[in-house]
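Trainee: Structure below; questions to follow.
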Amino acid sequence: MDNNKNKRYMPLIMAICVIVGIFIGTFYANHFSGNRLNIINNGSSRLSNLLHIIDDQYVDSVNINDLVDKAIPQILAELDPHSVYISAKDVETANSDLKSSFSGIGIEFMIRQDTIQVQNVIKDGPSENAGLLAGDKIVEIDSKPFVGSQVTNEEATHRLKGPKGTQVKVGVLRYGEKGIREFTITRDDIITKSITAAYMLNDSIGYMRIKSFGEATYTEMLSALASLTAQGMSGLVIDLRDNGGGYLQAAVNMANEFLPKNRLIVYTQGRKSPRTDYKSDGRGNFQTLPLVVLINEGSASSSEIFSGAMQDNDRATIVGRRSFGKGLVQQQIGFPDGSMIRLTVARYYTPSGRCIQKPYQPGDDADYEADLLNRYEHGEYFSQDSIKQTGPAYHTTIGRVVYGGGGIMPDIFVPEDTTNYTSYYKQAIMSGLMLQYAFIYTDANRQKLSDYNDMRPLADYLKQQGLVEKFANFADKNGMRRRNLMIMKSHSLLEQFLDGRIIYNILDEQAWNEFNNETDPTIKAALKVFKTGAFPKKPEQTKK
């Protein structure tokens, strides 16, 4: 009887238990939910819950996608200076930077005072055809103002690049003119070369200027080497100054051309990335060609991989100033929405074991970005004694001592020459007036200047035209007061810049390099290496 009675009341008892459980659960959820989330959730789940709570309960409507786009860069910035987030709209631009061509308007620009300033108009490109001049300031894009904090290299590139055949309207401020000029530019394919000059410095020494390490760099190098060899090259200067790097494989392929078989070029290693060695295969055609490599503080990443491989293998003499120190390896990881991150997964090491990466504090990007300015202020650009290498000592293949601690230290130091710098010269450069005058002079005298097909005769002609005085008058009429004593002191620099830009406008970038190299102290130091035979020697030989 008792059992039957219990069975009869069992459903009722269970229902009461369920109801009591619901009330208890609701009470704890309402009163202790904060503690509960902290106990249960951690790491990525907390971020996910935070976004869900904001989307569900925040007082105003929020675009979660925009919030994520702003939050991810902040998270990556806490890791290192080179882990970055690229939004979906910027991925194509980011991936096209090192390709041999892209579609755009055909200008080189810099951001100065939150404004796009045109540094150079590519010859026969869309912008030149539309009428843009070097020195112009772009203040409107597609009839909307584009100035202020929104102006970044990434955003400017995104707005100016685009599919071939599409149009973009730009509003331009031209120095000395009132009002905004409008130009409609039809985008077109812009061919980009990573090797911008290859010629003979003298009867026996070739020169090659490599601007970046792109997908076509190795092919371009082979073509340049073949041409220089046909001209009698018996030694080579490779100029990597201000080369910010690019593809690792391009640097490895280049190094392979100059190294004997089974030499280590570079290796990468990280916490989750096993060591990967890149070695020469012995198939290079220039394994014994005397070699000098030029670097400076703007040489980074792949430039440092190549110069480090040449130095540690005692294959070349490195000339110039200490390189940038970018030795972190990024891996691209895509998200379903088309955006991606470039996450640092390993470090680069030279053959001797040096880590290329200079020191940094996670989350302190401002100090990292100020490093080159700090080097300048501490005198590193002007005196080798100002360079304090505190990293561990390593040894090259023949036993020479090299140091870690960031960047590649040259074998022969060449200081920056600021003897004739003045505030007038600096203002002339920064204002864009020099670029603008060089272009205006070129345009006004194009018929006469076009009679010159070679750099040297054109340079000789320009030297007789009194361009510094003409520029000073032009600048004075356009708001930059004459400073006669400063003009006299900086005369050679002003003349060099003006002549060089006009040569660039009439001929090409190689001619411009040839002209500047004639008076370049680093080039002179490189040629001295060949003349004196100052190539890597065993330590005991250097002590004699």
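Naming works like this for the structure tokens: A, B, ... for the chains as they're shown, residue 1 at the start of each chain, ligands 1 onward in shown order.
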Which parts of segment 33-271 of chain A does DSSP call alpha helix (DSSP H) when run on the backbone here, written out as a PyMOL selection string?

Mentor: chain A and resi 33-40+44-57+64-77+91-96+126-130+153-160+217-230+248-258

Trainee: Neighbours of Asp281 of chain A within 10 Å (only C-alpha atoms; same-chain residues fewer than 3 positions away dropped), as a count of residues only?

Mentor: 11

Trainee: I want to know what sits within 7 Å of segment 453-467 of chain A, based on only C-alpha atoms, with residues of the same chain fewer than 6 positions away left out; could you give that as a list in words?

Mentor: Glu495, Asp499, Ile503, Ala511 and Phe515 of chain A

Trainee: Run DSSP on the backbone and grab whatever in segment 89-165 of chain A lands in strand (DSSP E or B); send it over as a PyMOL selection string.

Mentor: chain A and resi 101-104+107-112+115-121+137-141+144-145

Trainee: What gap, in Å, lies between atom CA of Leu507 of chain A and atom CA of Asp188 of chain A?

Mentor: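 The value is 21.6 Å.
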
Trainee: Which distance in Å separates atom CA of Phe335 of chain A and atom CA of Leu79 of chain A, to one decimal?

Mentor: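 Those two atoms sit 19.3 Å apart.
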
Trainee: Fewer than 2 positions away in the same chain doesn't count, so skip those; otherwise give me all residues within 8 Å of Gly232 of chain A, counting only C-alpha atoms, as a JSON list (two decimals) with N, CA and C atoms, in the first residue's frame.

Mentor:
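around39.json written:
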```json
[["chain", "number", "residue", "atom", "x", "y", "z"],
["A", 203, "ASP", "N", 85.07, 51.03, -65.55],
["A", 203, "ASP", "CA", 85.30, 50.00, -66.57],
["A", 203, "ASP", "C", 85.12, 48.57, -66.05],
["A", 204, "SER", "N", 85.23, 48.38, -64.73],
["A", 204, "SER", "CA", 85.21, 47.01, -64.21],
["A", 204, "SER", "C", 84.18, 46.74, -63.12],
["A", 228, "LEU", "N", 75.45, 43.40, -67.13],
["A", 228, "LEU", "CA", 76.69, 43.93, -66.57],
["A", 228, "LEU", "C", 77.89, 43.06, -66.94],
["A", 229, "THR", "N", 77.69, 41.75, -66.95],
["A", 229, "THR", "CA", 78.76, 40.83, -67.34],
["A", 229, "THR", "C", 79.19, 41.10, -68.78],
["A", 230, "ALA", "N", 78.22, 41.35, -69.64],
["A", 230, "ALA", "CA", 78.52, 41.63, -71.04],
["A", 230, "ALA", "C", 79.29, 42.93, -71.21],
["A", 234, "SER", "N", 83.80, 42.94, -63.37],
["A", 234, "SER", "CA", 84.63, 42.01, -62.61],
["A", 234, "SER", "C", 84.44, 42.18, -61.10]]
```

Trainee: Counting only C-alpha atoms, what is within 8 Å of segment 347-362 of chain A, bar same-chain residues fewer than 3 positions away, as number ranges by chain?

Mentor: A: 77-81, 264-270, 304-305, 308-309, 312-313, 324-329, 365, 368, 394-397, 403-408

Trainee: Go ahead and compute the interatomic distance for atom CA of Ser302 of chain A and atom CA of Phe109 of chain A, in Å to one decimal.

Mentor: 23.4 Å

Trainee: Could you check which of A:Met409, A:Ala88, A:Ile318, A:Leu132 is closest to Ala526 of chain A, using only C-alpha atoms?

Mentor: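 Ranking A:Met409, A:Ala88, A:Ile318, A:Leu132 by distance to Ala526 of chain A, first place goes to A:Ile318.
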
Trainee: Would you pick out the contacts of Ile238 of chain A at 8 Å or less, using only C-alpha atoms, so that residues sharing its chain but fewer than 2 positions from it are not included, and give the list as an NGL selection string?

Mentor: :A and (207-210 or 236 or 240 or 291-294)

Trainee: Given the selection you just returned, output its residues as a file containing N, CA, C and O atoms, formatted as an mmCIF file, in the first residue's frame.

Mentor:
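Output (result.cif):
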```cif
data_model
loop_
_atom_site.group_PDB
_atom_site.id
_atom_site.type_symbol
_atom_site.label_atom_id
_atom_site.label_comp_id
_atom_site.auth_asym_id
_atom_site.auth_seq_id
_atom_site.Cartn_x
_atom_site.Cartn_y
_atom_site.Cartn_z
ATOM 1 N N TYR A 207 77.148 48.150 -60.782
ATOM 2 C CA TYR A 207 76.316 48.686 -59.685
ATOM 3 C C TYR A 207 74.875 48.260 -59.902
ATOM 4 O O TYR A 207 74.371 48.296 -61.026
ATOM 5 N N MET A 208 74.227 47.860 -58.809
ATOM 6 C CA MET A 208 72.828 47.439 -58.881
ATOM 7 C C MET A 208 72.079 47.999 -57.675
ATOM 8 O O MET A 208 72.462 47.777 -56.535
ATOM 9 N N ARG A 209 71.037 48.770 -57.933
ATOM 10 C CA ARG A 209 70.208 49.355 -56.870
ATOM 11 C C ARG A 209 68.925 48.553 -56.749
ATOM 12 O O ARG A 209 68.125 48.477 -57.698
ATOM 13 N N ILE A 210 68.725 47.905 -55.592
ATOM 14 C CA ILE A 210 67.529 47.095 -55.372
ATOM 15 C C ILE A 210 66.643 47.819 -54.368
ATOM 16 O O ILE A 210 67.004 48.013 -53.217
ATOM 17 N N LEU A 236 81.092 43.817 -58.174
ATOM 18 C CA LEU A 236 79.711 44.308 -58.135
ATOM 19 C C LEU A 236 79.406 45.002 -56.810
ATOM 20 O O LEU A 236 79.767 44.508 -55.738
ATOM 21 N N LEU A 240 71.502 48.318 -51.138
ATOM 22 C CA LEU A 240 70.262 48.001 -50.426
ATOM 23 C C LEU A 240 69.853 49.119 -49.468
ATOM 24 O O LEU A 240 69.012 48.906 -48.586
ATOM 25 N N LEU A 291 82.394 41.316 -54.179
ATOM 26 C CA LEU A 291 81.081 41.886 -53.893
ATOM 27 C C LEU A 291 81.142 42.865 -52.724
ATOM 28 O O LEU A 291 81.776 42.594 -51.695
ATOM 29 N N VAL A 292 80.469 44.019 -52.890
ATOM 30 C CA VAL A 292 80.261 44.989 -51.815
ATOM 31 C C VAL A 292 78.764 45.237 -51.698
ATOM 32 O O VAL A 292 78.085 45.409 -52.717
ATOM 33 N N VAL A 293 78.258 45.250 -50.460
ATOM 34 C CA VAL A 293 76.834 45.483 -50.219
ATOM 35 C C VAL A 293 76.675 46.755 -49.393
ATOM 36 O O VAL A 293 77.334 46.918 -48.357
ATOM 37 N N LEU A 294 75.821 47.666 -49.854
ATOM 38 C CA LEU A 294 75.577 48.934 -49.165
ATOM 39 C C LEU A 294 74.285 48.861 -48.357
ATOM 40 O O LEU A 294 73.242 48.431 -48.868
#
```

Trainee: Determine, using only C-alpha atoms, which residues of segment 53-140 of chain A have any atom at most 10 Å from an atom of segment 410-433 of chain A, and tabulate each with its shortest atom pair and distance in Å to one decimal place, rows ordered by chain and then rising number, as a tab-separated table.

Mentor:
```
residue	atom	partner	partner_atom	distance
A:Arg112	CA	A:Met430	CA	8.4
A:Gln117	CA	A:Gly432	CA	7.7
A:Val118	CA	A:Gly432	CA	8.4
A:Gln119	CA	A:Gly432	CA	7.7
A:Ala134	CA	A:Gly432	CA	7.8
A:Gly135	CA	A:Gly432	CA	4.7
A:Asp136	CA	A:Gly432	CA	7.8
A:Lys137	CA	A:Gly432	CA	9.0
```

Trainee: Any chance you can output those residues with N, CA, C and O atoms as an mmCIF file, in the first residue's frame?

Mentor:
```cif
data_model
loop_
_atom_site.group_PDB
_atom_site.id
_atom_site.type_symbol
_atom_site.label_atom_id
_atom_site.label_comp_id
_atom_site.auth_asym_id
_atom_site.auth_seq_id
_atom_site.Cartn_x
_atom_site.Cartn_y
_atom_site.Cartn_z
ATOM 1 N N ARG A 112 52.437 64.352 -45.121
ATOM 2 C CA ARG A 112 53.067 65.410 -44.338
ATOM 3 C C ARG A 112 51.988 66.326 -43.800
ATOM 4 O O ARG A 112 51.149 66.816 -44.561
ATOM 5 N N GLN A 117 51.118 64.518 -50.063
ATOM 6 C CA GLN A 117 51.928 65.372 -50.925
ATOM 7 C C GLN A 117 52.572 64.514 -51.992
ATOM 8 O O GLN A 117 53.233 63.521 -51.696
ATOM 9 N N VAL A 118 52.374 64.892 -53.231
ATOM 10 C CA VAL A 118 52.901 64.127 -54.362
ATOM 11 C C VAL A 118 54.406 64.328 -54.447
ATOM 12 O O VAL A 118 54.885 65.445 -54.626
ATOM 13 N N GLN A 119 55.166 63.240 -54.308
ATOM 14 C CA GLN A 119 56.614 63.301 -54.402
ATOM 15 C C GLN A 119 57.095 63.153 -55.840
ATOM 16 O O GLN A 119 58.071 63.767 -56.242
ATOM 17 N N ALA A 134 54.528 67.038 -59.409
ATOM 18 C CA ALA A 134 55.227 66.780 -58.162
ATOM 19 C C ALA A 134 55.131 68.033 -57.297
ATOM 20 O O ALA A 134 55.298 69.152 -57.780
ATOM 21 N N GLY A 135 54.870 67.849 -55.998
ATOM 22 C CA GLY A 135 54.680 68.977 -55.097
ATOM 23 C C GLY A 135 53.222 69.293 -54.824
ATOM 24 O O GLY A 135 52.904 69.992 -53.852
ATOM 25 N N ASP A 136 52.312 68.798 -55.671
ATOM 26 C CA ASP A 136 50.883 69.006 -55.423
ATOM 27 C C ASP A 136 50.453 68.335 -54.120
ATOM 28 O O ASP A 136 51.002 67.299 -53.726
ATOM 29 N N LYS A 137 49.449 68.913 -53.481
ATOM 30 C CA LYS A 137 48.876 68.334 -52.267
ATOM 31 C C LYS A 137 47.448 67.898 -52.567
ATOM 32 O O LYS A 137 46.622 68.712 -52.983
#
```
